[in-house]
Amino acid sequence: MSTTLECIAQWITRQRWYAGKGHEPRLRILSHESVPSDDPDARVSVLLVMDDEGNIPTLYQVPIVERSSVQPAQHAYLIGQNDEGDYIFDGPHDEAYPRALLALLAPDLAREVTVTRSTVLSGEQSNTSIIFEIDGTPSIICKVFRALHHGDNPDVTLQAALSAAGSTAVPRFVGEMHGEWDDVGRPNGRASGHLAFAQEFLAGAEDGWKVALRFAAEGSDFTELARSLGEQTARVHSGLASVMPTTEATDDAIAGFGVSWARRLRLAIQEVPALLDSRDDIAAVYETARTGTWPLLQRIHGDFHLGQALLVPERGWVLVDFEGEPLRPMNERDRPDVALRDVAGMLRSFDYAAGATPGNPTEWAEACREAFTAGYLAESGVDIETFRPLLDAFELDKAVYEAIYEARNRPDWLAIPLRGIEHLLAARTARLGA
Ligand SMILES: Nc1ncnc2c1ncn2[C@@H]1O[C@H](COP(=O)(O)OP(=O)(O)O)[C@@H](O)[C@H]1O
Ligand SMILES: O=P(O)(O)O[C@H]1O[C@H](CO)[C@@H](O[C@H]2O[C@H](CO)[C@@H](O)[C@H](O)[C@H]2O)[C@H](O)[C@H]1O
């Protein structure tokens with residue numbers, strides 16, 4: 001038998017959302033909050049657990065349910081048995097925590113409806129989402145953030161603001177929950193941030209990555225969907241520009257983008273030395289962009305790719321997961337940015353879909369890229385020729401990010417962004433020579 005924390009330490013390394021792969025966790029409990037539960041046999045609590053091992057200490061949210069016995073079906077999500085003899089379960093999988101969570105996130109709704117079932121979303125996820133069935137119909141999805149950061153999470157604030165303004169390009173917003181914890185690095189010794197949020201569950205939605213892969217494999221025309229995705233992206237950008245603050249791209253702000261491009265390129269070369277050969281050409285693209293024309297800065301999606309766009313029956317594209325790039329510090333993600341970063345992200349994603357398809361159908365990807373861009377330009381009115389150098393820079397920066405991401409997570413896919421970088425540099429040279 002062990003303490004609750006020892007049980008969690010054994011279990012956490014097997015969780016998809018645990019970022020400290022490759023090291024033994026060094027955990028301490030920063031806060032342990034009991035949550036009211038309507039189940040007399042269950043003690044529900046939310047633990048905030050700091051992992052001090054690794055380069056950057058990471059704070060995790062670990063909701064647990066404690067019970068005095070375990071049923072065979074509960075073994076799949078058993079964290080362990082502690083010294084007191086209590087069985088500790090991973091909260092999202094035990095029905096007591098989801099019900100308690102909904103009552104905190106949306107108290108009025110929780111009083112009015114009957115949750116008939118809750119299930120954890122299956123598949124690869126950086127957080128943990130719970131789907132609530134109300135009167136037998138999947139109706140609400142609640143994302144429980146696992147790695148926590150001080151400050152508002154853009155995944156919540158941006159979708160809440162768009163939804164409140166009546167946008168149907170994001171799921172209807174239902175509710176949110178904040179938490180607080182000790183942080184000696186902050187002026188008042190306390191930090192706070194989002195713990196979870198809930199939104200409408202989009203029944204029958206399929207993510208754009210799966211749809212695009214199917215079309216690419218069949219050689220089917222995806223351009224109509226790509227164009228409507230471009231239009232929807234432009235609507236979301238214009239929505240964000242009206243509900244959230246915008247700022248001028250000052251010289252300081254532009255210098256900041258230059259620094260962040262260069263920093264990422266340096267890091268990528270360290271992790272993927274093959275990039276060294278392209279370093280000067282990439283840096284030249286950044287320099288042209290830096291000295292060119294810049295638009296007003298505004299809030300954007302931040303990590304836009306086909307997996308973040310859901311194709312919903314009778315509704316079209318709906319955008320989700322506005323949390324920004326997981327490899328970027330939260331304070332950089334929570335500020336106005338260049339909308340073309342999202343356009344660049346999606347352009348890269350079409351290249352990825354072709355790259356992940358046998359035969360690498362590059363013409364299919366090129367047609368999607370053109371259609372997406374045409375849809376975006378038609379709806380936004382952006383003059384692409386003015387901003388082409390900036391789009392080139394953001395696309396290269398995204399591909400450089402992807403090289404780091406793939407080297408760390410999916411080395412077999414590293415060739416996709418590397419080929420992308422080569423292709424982008426060659427296309428730009430051809431354009432300049434023409
Ligand atoms: N409102 C929703 N309705 C239906 N499915 C959703 C909804 N939001 C997200 N999903 C599904 O959940 C998956 C993971 O959501 P996402 O926000 O990307 O989580 P994470 O940030 O943890 O990766 C999405 O790819 C999509 O399949
Ligand atoms: O979905 P996340 O927010 O966790 O984003 C990260 O993982 C993505 C992979 O799942 C990664 O996206 C890259 O691979 C996608 C295909 O799997 C492709 O569609 C994207 O264009 C490509 O960037 C994303 O970069 C990363 O931040």
# chains A, B, ... in the order shown; residues from 1 in each chain; ligands from 1
call {"tool": "residues_near_ligand", "arguments": {"ligand": "ligand 2", "cutoff": "7 Å", "atoms": "only C-alpha atoms and all ligand atoms", "output": "PyMOL selection string"}}
result
chain A and resi 125-126+209+303+305-308+321+324-327+345-346+348-350+352-353+402+405
call {"tool": "residues_near_ligand", "arguments": {"ligand": "ligand 1", "cutoff": "8 Å", "atoms": "only C-alpha atoms and all ligand atoms", "output": "ChimeraX atom specification"}}
result
/A:121,123-129,140-141,143,145,170-172,199-207,307-310,320-323
call {"tool": "closest_residue", "arguments": {"among": "A:Asp351, A:Ile282, A:Glu366, A:His150", "to": "A:Arg186", "atoms": "only C-alpha atoms"}}
result
A:His150
call {"tool": "closest_atom_pairs", "arguments": {"of": "stretch 109-160 of chain A", "to": "stretch 70-91 of chain A", "cutoff": "12 Å", "atoms": "only C-alpha atoms", "output": "tab-separated table"}}
result
residue	atom	partner	partner_atom	distance
A:Ser118	CA	A:Gly91	CA	11.4
A:Thr119	CA	A:Gly91	CA	11.3
A:Val120	CA	A:Gly91	CA	10.2
A:Thr128	CA	A:Gly91	CA	10.4
A:Ser129	CA	A:Gly91	CA	11.6
A:Ile130	CA	A:Gly91	CA	10.4
A:Val144	CA	A:Gly91	CA	10.4
call {"tool": "write_last_selection", "arguments": {"atoms": "N, CA and C atoms", "output": "PDB file, in the first residue's frame"}}
result
ATOM      1  N   SER A 118     -22.241   9.400 -18.438  1.00  0.00           N
ATOM      2  CA  SER A 118     -21.107  10.235 -18.858  1.00  0.00           C
ATOM      3  C   SER A 118     -19.994   9.292 -19.317  1.00  0.00           C
ATOM      4  N   THR A 119     -19.324   9.688 -20.405  1.00  0.00           N
ATOM      5  CA  THR A 119     -18.230   8.847 -20.914  1.00  0.00           C
ATOM      6  C   THR A 119     -17.027   9.738 -21.215  1.00  0.00           C
ATOM      7  N   VAL A 120     -15.852   9.152 -21.140  1.00  0.00           N
ATOM      8  CA  VAL A 120     -14.647   9.913 -21.473  1.00  0.00           C
ATOM      9  C   VAL A 120     -14.384   9.744 -22.965  1.00  0.00           C
ATOM     10  N   THR A 128      -8.598  15.957 -20.979  1.00  0.00           N
ATOM     11  CA  THR A 128      -9.555  14.859 -20.860  1.00  0.00           C
ATOM     12  C   THR A 128     -10.946  15.435 -21.050  1.00  0.00           C
ATOM     13  N   SER A 129     -11.671  14.955 -22.053  1.00  0.00           N
ATOM     14  CA  SER A 129     -13.028  15.471 -22.286  1.00  0.00           C
ATOM     15  C   SER A 129     -14.054  14.427 -21.878  1.00  0.00           C
ATOM     16  N   ILE A 130     -15.123  14.930 -21.242  1.00  0.00           N
ATOM     17  CA  ILE A 130     -16.202  14.052 -20.776  1.00  0.00           C
ATOM     18  C   ILE A 130     -17.466  14.419 -21.558  1.00  0.00           C
ATOM     19  N   VAL A 144     -11.598  18.902 -19.350  1.00  0.00           N
ATOM     20  CA  VAL A 144     -10.891  19.077 -18.079  1.00  0.00           C
ATOM     21  C   VAL A 144      -9.416  19.286 -18.438  1.00  0.00           C
TER      22      VAL A 144
END
call {"tool": "atom_distance", "arguments": {"atom1": "atom CA of A:Leu105", "atom2": "atom CA of A:Phe197"}}
result
6.9 Å
call {"tool": "residues_around", "arguments": {"residues": "stretch 334-343 of chain A", "least_positions_apart": "6", "cutoff": "7 Å", "atoms": "only C-alpha atoms", "output": "list in words"}}
result
Pro154, His237, Thr246, Thr247, Leu297, Gln298, Arg299, Ile300, His301, Gly302, Asp303, Phe304, Leu391 and Phe394 of chain A
call {"tool": "write_last_selection", "arguments": {"atoms": "C-alpha atoms", "output": "short mmCIF file (atom, residue, chain, number, x, y, z; two decimals), in the first residue's frame"}}
result
data_model
loop_
_atom_site.label_atom_id
_atom_site.label_comp_id
_atom_site.auth_asym_id
_atom_site.auth_seq_id
_atom_site.Cartn_x
_atom_site.Cartn_y
_atom_site.Cartn_z
CA PRO A 154 -7.71 31.12 -24.62
CA HIS A 237 -11.16 35.98 -37.48
CA THR A 246 -6.82 44.40 -31.45
CA THR A 247 -3.49 46.26 -31.44
CA LEU A 297 -2.82 42.25 -34.57
CA GLN A 298 -5.81 40.35 -33.21
CA ARG A 299 -6.73 37.18 -31.32
CA ILE A 300 -6.55 34.05 -33.47
CA HIS A 301 -6.98 30.28 -33.12
CA GLY A 302 -3.24 29.79 -32.69
CA ASP A 303 -2.74 26.10 -33.56
CA PHE A 304 -5.00 25.75 -36.53
CA LEU A 391 2.25 34.32 -45.02
CA PHE A 394 4.37 32.01 -40.92
#
call {"tool": "closest_atom_pairs", "arguments": {"of": "stretch 214-253 of chain A", "to": "stretch 362-365 of chain A", "cutoff": "9 Å", "atoms": "only C-alpha atoms", "output": "tab-separated table"}}
result
residue	atom	partner	partner_atom	distance
A:Ala216	CA	A:Trp364	CA	6.9
A:Gly219	CA	A:Trp364	CA	7.4
A:Ser220	CA	A:Trp364	CA	8.4
A:Asp221	CA	A:Trp364	CA	7.6
A:Phe222	CA	A:Trp364	CA	8.0
A:Thr223	CA	A:Trp364	CA	8.7
call {"tool": "closest_residue", "arguments": {"among": "A:Val400, A:Tyr376, A:Arg279, A:Phe173", "to": "A:Ser260", "atoms": "only C-alpha atoms"}}
result
A:Val400
call {"tool": "residues_around", "arguments": {"residues": "A:Arg227", "least_positions_apart": "4", "cutoff": "7 Å", "atoms": "only C-alpha atoms", "output": "ChimeraX atom specification"}}
result
/A:223,231,371-372,374-375
call {"tool": "write_last_selection", "arguments": {"atoms": "N, CA and C atoms", "output": "PDB file, in the first residue's frame"}}
result
ATOM      1  N   THR A 223     -11.958  20.286 -52.683  1.00  0.00           N
ATOM      2  CA  THR A 223     -11.801  21.746 -52.796  1.00  0.00           C
ATOM      3  C   THR A 223     -13.024  22.522 -52.301  1.00  0.00           C
ATOM      4  N   GLU A 231     -13.580  30.142 -45.790  1.00  0.00           N
ATOM      5  CA  GLU A 231     -14.588  31.182 -45.500  1.00  0.00           C
ATOM      6  C   GLU A 231     -14.900  31.220 -44.002  1.00  0.00           C
ATOM      7  N   ALA A 371      -7.899  26.420 -52.870  1.00  0.00           N
ATOM      8  CA  ALA A 371      -9.326  26.627 -52.575  1.00  0.00           C
ATOM      9  C   ALA A 371      -9.504  27.252 -51.192  1.00  0.00           C
ATOM     10  N   PHE A 372      -8.742  26.769 -50.215  1.00  0.00           N
ATOM     11  CA  PHE A 372      -8.844  27.313 -48.852  1.00  0.00           C
ATOM     12  C   PHE A 372      -8.476  28.801 -48.872  1.00  0.00           C
ATOM     13  N   ALA A 374      -8.505  30.855 -51.399  1.00  0.00           N
ATOM     14  CA  ALA A 374      -9.501  31.641 -52.155  1.00  0.00           C
ATOM     15  C   ALA A 374     -10.713  31.925 -51.264  1.00  0.00           C
ATOM     16  N   GLY A 375     -11.176  30.920 -50.529  1.00  0.00           N
ATOM     17  CA  GLY A 375     -12.323  31.111 -49.633  1.00  0.00           C
ATOM     18  C   GLY A 375     -12.010  32.143 -48.564  1.00  0.00           C
TER      19      GLY A 375
END
